[in-house]
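**Q** Dumping the structure here so I can ask a few things about it.
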Amino acid sequence: MTVDTKKEQERDELHRAIWAIADELRGAVDGWDFKNYVLGTMFYRYISEKLADYINKGEEEAGNTGFKFEEMSNSDAEEAREGLIQEQGFFILPSELFCNVVKRCENDENLNETLETVFRHIEESAQGSVSENDFKGLFDDFDVNSNKLGNTVAKRNERLCKLLSGINGMKLGSVENHDIDAFGDAYEYLMSMYASNAGKSGGEFFTSSEVSILLTKLGTVGKKTVNKVYDPACGSGSLLLKAIDVLGKDAVTTGFFGQEINVTTYNLCRINMFLHDVGFDKFDIQCDNTLTNPKHWDDEPFELVVSNPPYSIKWPGDSDATLINDPRFAPAGVLAPKSKADMAFIMHSLSWLAPNGAASIVCFPGIMYRGGAEQKIRKYLVENNFVDAIIQLPGNLFFGTSIATCIMVMRKGKTDNNVLFIDASKEYIKVTNNNKLTDENIDHIVDAYTKREEVEHFVHVADLNEIEENNFNLSVSTYVEPEDTTEKVDIKVLNQQIKEIVAKQEVLRTEIDKIIAEIEGGIDE
């Protein structure tokens, strides 16, 4: 068995285990809500094992063979609390570790209170330390007293115990040495599973893995490292983390930065960071409205910006007199329409982009051709040579919408004043109800982006004059002529066929007339 085959088998086994847990327990709880319980429990298991593993290894290296933190008394463990919070960002008492709570869960009549206390203690352990903001409120969406878990305390505890036991039974391997990045992989599988069943509510928070990889590859062409990755509408954070898959674990030298307006999704994003083994000192995720109250002024500029911001949402726009003077929006001389904030996210991302950086942003197609303020912003972007490429994607790539979106790639350090247009609308395979980008599709698009060479019906390089002639319309269909797939007809051959058909008709008509005449003659007689 090859290593890849073994990994795939382990992944499939993991996915089946997750599905089994969800299938058994989600009956009374809507799937999109229940994922908070599954992911929260996975996170609790992960940080418990991470802390115990860290301590046990340290003791082993110091010659204390066979030491197990999980078997230590709480009073003895307390002596190490301060040092561990500095090193790991949090602390958990041995009795409150996941493995010990799950052992007692069947006989714990107050399991809901036990879990509530454990979660509060974990969050409190980080208070006053540099990791406080990374842990604050992390378990807010894990409501152990929710009626969704059952009408009585006993029923709720029964369900909570099943949840703990199910997560405990999942073969996630060592937190430091699992071949398939099991915790992170399980997270992404859960998110995609629930998103595909949750309609629009799921699509808002989850960008498919393939699109995320494409965005990251486009933004890192020619690079082996980036200083910081930033997403102004980071959702659950999976898009941010694709830099690890594409470039490698240590290729993001300073860290991951993002902002999310939805508090539940914000909590999921921070959990996602931990589950992908990103240290508390390597990420900074904030919760607020990015357009009106951005949280990373002191951290910009960013070398890589990747984002799939919400399409056509409302924002204050010109009803807020301060926004036109905001250094992020002022350069264009106009604000995005109040009913469509898409261009505001574009301008924000450009403003915080490093001089040697790239921004890859999924865009609603309308912002590429509509007039008014959006046209003026496109004019500003093109004339100042910030737009590097526009890539038309296939439809039905995202959970919850069949819209054919596009990608805008922006750079500040361009060496030419051309814009590359790629029609990738045919680059997909169909999988159940959705379309999907394959590795070959992604490579084909990135290769075309890198080479910047004309390819009939696929790639066109337009200069400023051509774009100006088209009134700064940036729709790919304006510049890349679609291939004519209609069958070509030889008119001479067609005329000959028509003549033959007409001749046959005449013969048939004559024969029919004869038959009718004979019938009529027989009737007269």
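A note on labels: chains of the structure tokens are A, B, ... as shown, every chain counts residues from 1, and ligands are counted from 1 in their shown order.
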For Leu239 of chain A, find every residue with an atom within 9 Å (counting only C-alpha atoms), except residues of its own chain fewer than 3 positions away, and show them as a PyMOL selection string.
**A** chain A and resi 206-209+211-213+215-216+231+234-236+242-243+306-308
**Q** Take the residues from that selection and put them in a file with C-alpha atoms, as a compact mmCIF listing (two decimals), in the first residue's frame.
**A**
```
# COMPACT_ATOMS: atom_id res chain seq x y z
CA PHE A 206 -17.16 28.55 3.46
CA THR A 207 -15.14 28.82 0.25
CA SER A 208 -14.48 25.45 -1.37
CA SER A 209 -10.97 24.11 -0.96
CA VAL A 211 -11.16 27.81 -5.16
CA SER A 212 -9.11 28.66 -2.06
CA ILE A 213 -6.06 26.89 -3.50
CA LEU A 215 -6.68 32.11 -5.11
CA THR A 216 -3.57 31.38 -3.05
CA ASP A 231 -8.54 38.20 4.57
CA CYS A 234 -12.32 35.71 6.64
CA GLY A 235 -15.36 33.61 7.55
CA SER A 236 -14.20 30.36 9.14
CA LYS A 242 -4.46 27.57 2.28
CA ALA A 243 -1.08 29.33 2.27
CA VAL A 306 -7.03 36.43 -0.33
CA SER A 307 -10.77 36.87 0.05
CA ASN A 308 -14.27 35.86 -0.98
```
**Q** Fewer than 5 positions away in the same chain doesn't count, so skip those; otherwise give me all residues within 8 Å of Gly395 of chain A, counting only C-alpha atoms, as a PyMOL selection string.
**A** chain A and resi 402-405+425+435
**Q** Write the residues of the preceding selection, restricted to C-alpha atoms, as a short mmCIF file (atom, residue, chain, number, x, y, z; two decimals), in the first residue's frame.
**A**
```
data_model
loop_
_atom_site.label_atom_id
_atom_site.label_comp_id
_atom_site.auth_asym_id
_atom_site.auth_seq_id
_atom_site.Cartn_x
_atom_site.Cartn_y
_atom_site.Cartn_z
CA SER A 402 -24.92 28.97 -8.84
CA ILE A 403 -23.57 32.38 -9.92
CA ALA A 404 -20.52 32.30 -12.19
CA THR A 405 -18.13 34.52 -10.25
CA SER A 425 -15.61 29.06 -17.49
CA ASN A 435 -19.07 21.97 -10.24
#
```
**Q** In segment 342-516 of chain A, what's alpha helix (DSSP H) per DSSP? Answer as a PDB file with N, CA and C atoms, in the first residue's frame?
**A**
```
ATOM      1  N   ASP A 342     -19.293  45.713  -2.725  1.00  0.00           N
ATOM      2  CA  ASP A 342     -18.215  44.902  -3.304  1.00  0.00           C
ATOM      3  C   ASP A 342     -16.943  45.703  -3.574  1.00  0.00           C
ATOM      4  N   MET A 343     -17.087  46.849  -4.214  1.00  0.00           N
ATOM      5  CA  MET A 343     -15.915  47.662  -4.554  1.00  0.00           C
ATOM      6  C   MET A 343     -15.240  48.264  -3.318  1.00  0.00           C
ATOM      7  N   ALA A 344     -15.990  48.382  -2.228  1.00  0.00           N
ATOM      8  CA  ALA A 344     -15.379  48.870  -0.982  1.00  0.00           C
ATOM      9  C   ALA A 344     -14.384  47.828  -0.461  1.00  0.00           C
ATOM     10  N   PHE A 345     -14.741  46.541  -0.565  1.00  0.00           N
ATOM     11  CA  PHE A 345     -13.812  45.479  -0.164  1.00  0.00           C
ATOM     12  C   PHE A 345     -12.576  45.472  -1.070  1.00  0.00           C
ATOM     13  N   ILE A 346     -12.790  45.738  -2.361  1.00  0.00           N
ATOM     14  CA  ILE A 346     -11.664  45.804  -3.310  1.00  0.00           C
ATOM     15  C   ILE A 346     -10.714  46.934  -2.921  1.00  0.00           C
ATOM     16  N   MET A 347     -11.253  48.119  -2.674  1.00  0.00           N
ATOM     17  CA  MET A 347     -10.420  49.276  -2.317  1.00  0.00           C
ATOM     18  C   MET A 347      -9.729  49.067  -0.975  1.00  0.00           C
ATOM     19  N   HIS A 348     -10.421  48.470  -0.017  1.00  0.00           N
ATOM     20  CA  HIS A 348      -9.824  48.180   1.286  1.00  0.00           C
ATOM     21  C   HIS A 348      -8.635  47.230   1.113  1.00  0.00           C
ATOM     22  N   SER A 349      -8.829  46.183   0.338  1.00  0.00           N
ATOM     23  CA  SER A 349      -7.770  45.183   0.135  1.00  0.00           C
ATOM     24  C   SER A 349      -6.564  45.800  -0.565  1.00  0.00           C
ATOM     25  N   LEU A 350      -6.824  46.630  -1.569  1.00  0.00           N
ATOM     26  CA  LEU A 350      -5.737  47.291  -2.286  1.00  0.00           C
ATOM     27  C   LEU A 350      -4.953  48.202  -1.361  1.00  0.00           C
ATOM     28  N   SER A 351      -5.659  48.937  -0.525  1.00  0.00           N
ATOM     29  CA  SER A 351      -5.013  49.885   0.380  1.00  0.00           C
ATOM     30  C   SER A 351      -4.045  49.182   1.328  1.00  0.00           C
ATOM     31  N   GLY A 372     -21.822  54.011 -13.245  1.00  0.00           N
ATOM     32  CA  GLY A 372     -21.848  54.803 -12.020  1.00  0.00           C
ATOM     33  C   GLY A 372     -20.555  54.736 -11.235  1.00  0.00           C
ATOM     34  N   ALA A 373     -20.689  54.686  -9.913  1.00  0.00           N
ATOM     35  CA  ALA A 373     -19.520  54.715  -9.026  1.00  0.00           C
ATOM     36  C   ALA A 373     -18.592  53.528  -9.278  1.00  0.00           C
ATOM     37  N   GLU A 374     -19.172  52.359  -9.569  1.00  0.00           N
ATOM     38  CA  GLU A 374     -18.334  51.176  -9.784  1.00  0.00           C
ATOM     39  C   GLU A 374     -17.467  51.326 -11.034  1.00  0.00           C
ATOM     40  N   GLN A 375     -18.001  51.954 -12.065  1.00  0.00           N
ATOM     41  CA  GLN A 375     -17.205  52.210 -13.264  1.00  0.00           C
ATOM     42  C   GLN A 375     -16.058  53.176 -12.959  1.00  0.00           C
ATOM     43  N   LYS A 376     -16.324  54.184 -12.146  1.00  0.00           N
ATOM     44  CA  LYS A 376     -15.284  55.152 -11.787  1.00  0.00           C
ATOM     45  C   LYS A 376     -14.168  54.488 -10.977  1.00  0.00           C
ATOM     46  N   ILE A 377     -14.553  53.565 -10.105  1.00  0.00           N
ATOM     47  CA  ILE A 377     -13.531  52.850  -9.323  1.00  0.00           C
ATOM     48  C   ILE A 377     -12.710  51.940 -10.225  1.00  0.00           C
ATOM     49  N   ARG A 378     -13.370  51.264 -11.178  1.00  0.00           N
ATOM     50  CA  ARG A 378     -12.615  50.433 -12.141  1.00  0.00           C
ATOM     51  C   ARG A 378     -11.633  51.296 -12.926  1.00  0.00           C
ATOM     52  N   LYS A 379     -12.084  52.481 -13.333  1.00  0.00           N
ATOM     53  CA  LYS A 379     -11.217  53.406 -14.081  1.00  0.00           C
ATOM     54  C   LYS A 379      -9.991  53.764 -13.251  1.00  0.00           C
ATOM     55  N   TYR A 380     -10.198  54.063 -11.975  1.00  0.00           N
ATOM     56  CA  TYR A 380      -9.079  54.391 -11.081  1.00  0.00           C
ATOM     57  C   TYR A 380      -8.107  53.206 -10.982  1.00  0.00           C
ATOM     58  N   LEU A 381      -8.640  52.010 -10.801  1.00  0.00           N
ATOM     59  CA  LEU A 381      -7.797  50.824 -10.639  1.00  0.00           C
ATOM     60  C   LEU A 381      -6.962  50.532 -11.881  1.00  0.00           C
ATOM     61  N   VAL A 382      -7.581  50.663 -13.060  1.00  0.00           N
ATOM     62  CA  VAL A 382      -6.885  50.350 -14.312  1.00  0.00           C
ATOM     63  C   VAL A 382      -5.866  51.432 -14.653  1.00  0.00           C
ATOM     64  N   GLU A 383      -6.270  52.696 -14.548  1.00  0.00           N
ATOM     65  CA  GLU A 383      -5.371  53.792 -14.914  1.00  0.00           C
ATOM     66  C   GLU A 383      -4.159  53.865 -13.998  1.00  0.00           C
ATOM     67  N   ASP A 439      -7.255  19.508  -9.996  1.00  0.00           N
ATOM     68  CA  ASP A 439      -5.864  19.974  -9.931  1.00  0.00           C
ATOM     69  C   ASP A 439      -5.401  20.433 -11.313  1.00  0.00           C
ATOM     70  N   GLU A 440      -5.841  19.703 -12.347  1.00  0.00           N
ATOM     71  CA  GLU A 440      -5.447  20.061 -13.718  1.00  0.00           C
ATOM     72  C   GLU A 440      -6.049  21.407 -14.119  1.00  0.00           C
ATOM     73  N   ASN A 441      -7.308  21.622 -13.753  1.00  0.00           N
ATOM     74  CA  ASN A 441      -7.945  22.915 -14.039  1.00  0.00           C
ATOM     75  C   ASN A 441      -7.178  24.059 -13.377  1.00  0.00           C
ATOM     76  N   ILE A 442      -6.844  23.868 -12.102  1.00  0.00           N
ATOM     77  CA  ILE A 442      -6.116  24.902 -11.353  1.00  0.00           C
ATOM     78  C   ILE A 442      -4.763  25.175 -12.006  1.00  0.00           C
ATOM     79  N   ASP A 443      -4.037  24.116 -12.324  1.00  0.00           N
ATOM     80  CA  ASP A 443      -2.715  24.275 -12.943  1.00  0.00           C
ATOM     81  C   ASP A 443      -2.818  24.975 -14.298  1.00  0.00           C
ATOM     82  N   HIS A 444      -3.856  24.641 -15.061  1.00  0.00           N
ATOM     83  CA  HIS A 444      -4.043  25.252 -16.389  1.00  0.00           C
ATOM     84  C   HIS A 444      -4.263  26.762 -16.251  1.00  0.00           C
ATOM     85  N   ILE A 445      -5.082  27.147 -15.277  1.00  0.00           N
ATOM     86  CA  ILE A 445      -5.369  28.572 -15.055  1.00  0.00           C
ATOM     87  C   ILE A 445      -4.120  29.308 -14.567  1.00  0.00           C
ATOM     88  N   VAL A 446      -3.431  28.726 -13.587  1.00  0.00           N
ATOM     89  CA  VAL A 446      -2.231  29.376 -13.028  1.00  0.00           C
ATOM     90  C   VAL A 446      -1.131  29.466 -14.080  1.00  0.00           C
ATOM     91  N   ASP A 447      -1.005  28.436 -14.916  1.00  0.00           N
ATOM     92  CA  ASP A 447      -0.006  28.438 -15.983  1.00  0.00           C
ATOM     93  C   ASP A 447      -0.289  29.562 -16.987  1.00  0.00           C
ATOM     94  N   ALA A 448      -1.564  29.726 -17.341  1.00  0.00           N
ATOM     95  CA  ALA A 448      -1.946  30.804 -18.264  1.00  0.00           C
ATOM     96  C   ALA A 448      -1.688  32.167 -17.639  1.00  0.00           C
ATOM     97  N   TYR A 449      -1.960  32.281 -16.345  1.00  0.00           N
ATOM     98  CA  TYR A 449      -1.719  33.541 -15.630  1.00  0.00           C
ATOM     99  C   TYR A 449      -0.227  33.873 -15.602  1.00  0.00           C
ATOM    100  N   THR A 450       0.601  32.852 -15.402  1.00  0.00           N
ATOM    101  CA  THR A 450       2.047  33.054 -15.298  1.00  0.00           C
ATOM    102  C   THR A 450       2.662  33.422 -16.644  1.00  0.00           C
ATOM    103  N   LYS A 451       2.234  32.726 -17.711  1.00  0.00           N
ATOM    104  CA  LYS A 451       2.837  32.939 -19.042  1.00  0.00           C
ATOM    105  C   LYS A 451       2.368  34.237 -19.691  1.00  0.00           C
ATOM    106  N   LEU A 464      -4.117  49.455 -21.925  1.00  0.00           N
ATOM    107  CA  LEU A 464      -4.973  50.505 -21.378  1.00  0.00           C
ATOM    108  C   LEU A 464      -5.908  51.074 -22.442  1.00  0.00           C
ATOM    109  N   ASN A 465      -5.408  51.263 -23.679  1.00  0.00           N
ATOM    110  CA  ASN A 465      -6.232  51.848 -24.744  1.00  0.00           C
ATOM    111  C   ASN A 465      -7.449  50.986 -25.053  1.00  0.00           C
ATOM    112  N   GLU A 466      -7.226  49.662 -25.121  1.00  0.00           N
ATOM    113  CA  GLU A 466      -8.335  48.758 -25.429  1.00  0.00           C
ATOM    114  C   GLU A 466      -9.389  48.785 -24.321  1.00  0.00           C
ATOM    115  N   ILE A 467      -8.925  48.830 -23.079  1.00  0.00           N
ATOM    116  CA  ILE A 467      -9.869  48.858 -21.956  1.00  0.00           C
ATOM    117  C   ILE A 467     -10.614  50.192 -21.927  1.00  0.00           C
ATOM    118  N   GLU A 468      -9.902  51.265 -22.260  1.00  0.00           N
ATOM    119  CA  GLU A 468     -10.520  52.590 -22.319  1.00  0.00           C
ATOM    120  C   GLU A 468     -11.597  52.641 -23.402  1.00  0.00           C
ATOM    121  N   GLU A 469     -11.313  52.016 -24.542  1.00  0.00           N
ATOM    122  CA  GLU A 469     -12.289  51.961 -25.645  1.00  0.00           C
ATOM    123  C   GLU A 469     -13.561  51.231 -25.225  1.00  0.00           C
ATOM    124  N   VAL A 476     -14.712  39.511 -18.674  1.00  0.00           N
ATOM    125  CA  VAL A 476     -13.844  38.688 -19.523  1.00  0.00           C
ATOM    126  C   VAL A 476     -14.463  38.490 -20.904  1.00  0.00           C
ATOM    127  N   SER A 477     -15.785  38.355 -20.963  1.00  0.00           N
ATOM    128  CA  SER A 477     -16.455  38.107 -22.247  1.00  0.00           C
ATOM    129  C   SER A 477     -16.287  39.261 -23.227  1.00  0.00           C
ATOM    130  N   THR A 478     -15.941  40.448 -22.737  1.00  0.00           N
ATOM    131  CA  THR A 478     -15.703  41.607 -23.608  1.00  0.00           C
ATOM    132  C   THR A 478     -14.389  41.451 -24.377  1.00  0.00           C
ATOM    133  N   TYR A 479     -13.447  40.703 -23.811  1.00  0.00           N
ATOM    134  CA  TYR A 479     -12.097  40.625 -24.378  1.00  0.00           C
ATOM    135  C   TYR A 479     -11.733  39.235 -24.910  1.00  0.00           C
ATOM    136  N   ILE A 491     -23.235  25.638 -47.394  1.00  0.00           N
ATOM    137  CA  ILE A 491     -24.501  26.090 -47.978  1.00  0.00           C
ATOM    138  C   ILE A 491     -24.808  25.377 -49.301  1.00  0.00           C
ATOM    139  N   LYS A 492     -23.748  25.062 -50.084  1.00  0.00           N
ATOM    140  CA  LYS A 492     -23.970  24.354 -51.361  1.00  0.00           C
ATOM    141  C   LYS A 492     -24.542  22.960 -51.108  1.00  0.00           C
ATOM    142  N   VAL A 493     -23.938  22.277 -50.136  1.00  0.00           N
ATOM    143  CA  VAL A 493     -24.417  20.932 -49.797  1.00  0.00           C
ATOM    144  C   VAL A 493     -25.845  21.005 -49.273  1.00  0.00           C
ATOM    145  N   LEU A 494     -26.122  22.040 -48.456  1.00  0.00           N
ATOM    146  CA  LEU A 494     -27.460  22.200 -47.893  1.00  0.00           C
ATOM    147  C   LEU A 494     -28.488  22.428 -49.002  1.00  0.00           C
ATOM    148  N   ASN A 495     -28.144  23.292 -49.985  1.00  0.00           N
ATOM    149  CA  ASN A 495     -29.070  23.555 -51.095  1.00  0.00           C
ATOM    150  C   ASN A 495     -29.362  22.295 -51.895  1.00  0.00           C
ATOM    151  N   GLN A 496     -28.309  21.495 -52.128  1.00  0.00           N
ATOM    152  CA  GLN A 496     -28.478  20.255 -52.875  1.00  0.00           C
ATOM    153  C   GLN A 496     -29.408  19.300 -52.109  1.00  0.00           C
ATOM    154  N   GLN A 497     -29.217  19.240 -50.789  1.00  0.00           N
ATOM    155  CA  GLN A 497     -30.071  18.383 -49.968  1.00  0.00           C
ATOM    156  C   GLN A 497     -31.519  18.838 -50.006  1.00  0.00           C
ATOM    157  N   ILE A 498     -31.725  20.160 -50.016  1.00  0.00           N
ATOM    158  CA  ILE A 498     -33.083  20.699 -50.092  1.00  0.00           C
ATOM    159  C   ILE A 498     -33.738  20.327 -51.418  1.00  0.00           C
ATOM    160  N   LYS A 499     -32.957  20.445 -52.539  1.00  0.00           N
ATOM    161  CA  LYS A 499     -33.480  20.088 -53.857  1.00  0.00           C
ATOM    162  C   LYS A 499     -33.917  18.624 -53.897  1.00  0.00           C
ATOM    163  N   GLU A 500     -33.071  17.769 -53.317  1.00  0.00           N
ATOM    164  CA  GLU A 500     -33.389  16.342 -53.302  1.00  0.00           C
ATOM    165  C   GLU A 500     -34.646  16.064 -52.481  1.00  0.00           C
ATOM    166  N   ILE A 501     -34.777  16.753 -51.359  1.00  0.00           N
ATOM    167  CA  ILE A 501     -35.958  16.564 -50.513  1.00  0.00           C
ATOM    168  C   ILE A 501     -37.216  17.019 -51.254  1.00  0.00           C
ATOM    169  N   VAL A 502     -37.131  18.201 -51.939  1.00  0.00           N
ATOM    170  CA  VAL A 502     -38.280  18.726 -52.697  1.00  0.00           C
ATOM    171  C   VAL A 502     -38.670  17.753 -53.809  1.00  0.00           C
ATOM    172  N   ALA A 503     -37.646  17.194 -54.516  1.00  0.00           N
ATOM    173  CA  ALA A 503     -37.917  16.240 -55.592  1.00  0.00           C
ATOM    174  C   ALA A 503     -38.624  14.998 -55.054  1.00  0.00           C
ATOM    175  N   LYS A 504     -38.158  14.526 -53.925  1.00  0.00           N
ATOM    176  CA  LYS A 504     -38.791  13.346 -53.300  1.00  0.00           C
ATOM    177  C   LYS A 504     -40.228  13.661 -52.899  1.00  0.00           C
ATOM    178  N   GLN A 505     -40.437  14.904 -52.437  1.00  0.00           N
ATOM    179  CA  GLN A 505     -41.784  15.313 -52.054  1.00  0.00           C
ATOM    180  C   GLN A 505     -42.728  15.267 -53.256  1.00  0.00           C
ATOM    181  N   GLU A 506     -42.209  15.738 -54.422  1.00  0.00           N
ATOM    182  CA  GLU A 506     -43.026  15.754 -55.642  1.00  0.00           C
ATOM    183  C   GLU A 506     -43.420  14.341 -56.046  1.00  0.00           C
ATOM    184  N   VAL A 507     -42.440  13.431 -55.979  1.00  0.00           N
ATOM    185  CA  VAL A 507     -42.703  12.030 -56.342  1.00  0.00           C
ATOM    186  C   VAL A 507     -43.756  11.442 -55.407  1.00  0.00           C
ATOM    187  N   LEU A 508     -43.576  11.701 -54.090  1.00  0.00           N
ATOM    188  CA  LEU A 508     -44.521  11.182 -53.097  1.00  0.00           C
ATOM    189  C   LEU A 508     -45.915  11.765 -53.309  1.00  0.00           C
ATOM    190  N   ARG A 509     -45.984  13.063 -53.627  1.00  0.00           N
ATOM    191  CA  ARG A 509     -47.266  13.709 -53.848  1.00  0.00           C
ATOM    192  C   ARG A 509     -47.980  13.087 -55.040  1.00  0.00           C
ATOM    193  N   THR A 510     -47.228  12.814 -56.133  1.00  0.00           N
ATOM    194  CA  THR A 510     -47.809  12.194 -57.324  1.00  0.00           C
ATOM    195  C   THR A 510     -48.361  10.810 -56.993  1.00  0.00           C
ATOM    196  N   GLU A 511     -47.582  10.027 -56.245  1.00  0.00           N
ATOM    197  CA  GLU A 511     -48.016   8.675 -55.868  1.00  0.00           C
ATOM    198  C   GLU A 511     -49.271   8.732 -54.995  1.00  0.00           C
ATOM    199  N   ILE A 512     -49.282   9.687 -54.055  1.00  0.00           N
ATOM    200  CA  ILE A 512     -50.438   9.829 -53.166  1.00  0.00           C
ATOM    201  C   ILE A 512     -51.676  10.212 -53.975  1.00  0.00           C
ATOM    202  N   ASP A 513     -51.501  11.134 -54.939  1.00  0.00           N
ATOM    203  CA  ASP A 513     -52.633  11.553 -55.786  1.00  0.00           C
ATOM    204  C   ASP A 513     -53.216  10.364 -56.543  1.00  0.00           C
ATOM    205  N   LYS A 514     -52.335   9.491 -57.033  1.00  0.00           N
ATOM    206  CA  LYS A 514     -52.795   8.310 -57.785  1.00  0.00           C
ATOM    207  C   LYS A 514     -53.647   7.404 -56.890  1.00  0.00           C
ATOM    208  N   ILE A 515     -53.147   7.174 -55.696  1.00  0.00           N
ATOM    209  CA  ILE A 515     -53.845   6.284 -54.760  1.00  0.00           C
ATOM    210  C   ILE A 515     -55.216   6.863 -54.415  1.00  0.00           C
ATOM    211  N   ILE A 516     -55.251   8.189 -54.172  1.00  0.00           N
ATOM    212  CA  ILE A 516     -56.521   8.838 -53.831  1.00  0.00           C
ATOM    213  C   ILE A 516     -57.505   8.712 -54.990  1.00  0.00           C
TER     214      ILE A 516
END
```
**Q** Fewer than 2 positions away in the same chain doesn't count, so skip those; otherwise give me all residues within 12 Å of Trp297 of chain A, counting only C-alpha atoms, as a PyMOL selection string.
**A** chain A and resi 232+257-259+286+290+293-295+299-302+327-328+348+351-353
**Q** So, counting only C-alpha atoms, which residue among A:Thr65, A:Asn356, A:Thr41, A:Asn36 is closest to Ser165 of chain A?
**A** A:Thr41
**Q** Work out how far atom CA of Asp284 of chain A is from atom CA of Phe398 of chain A, in Å to one decimal.
**A**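 Atom CA of Phe398 of chain A sits 26.4 Å away from atom CA of Asp284 of chain A.
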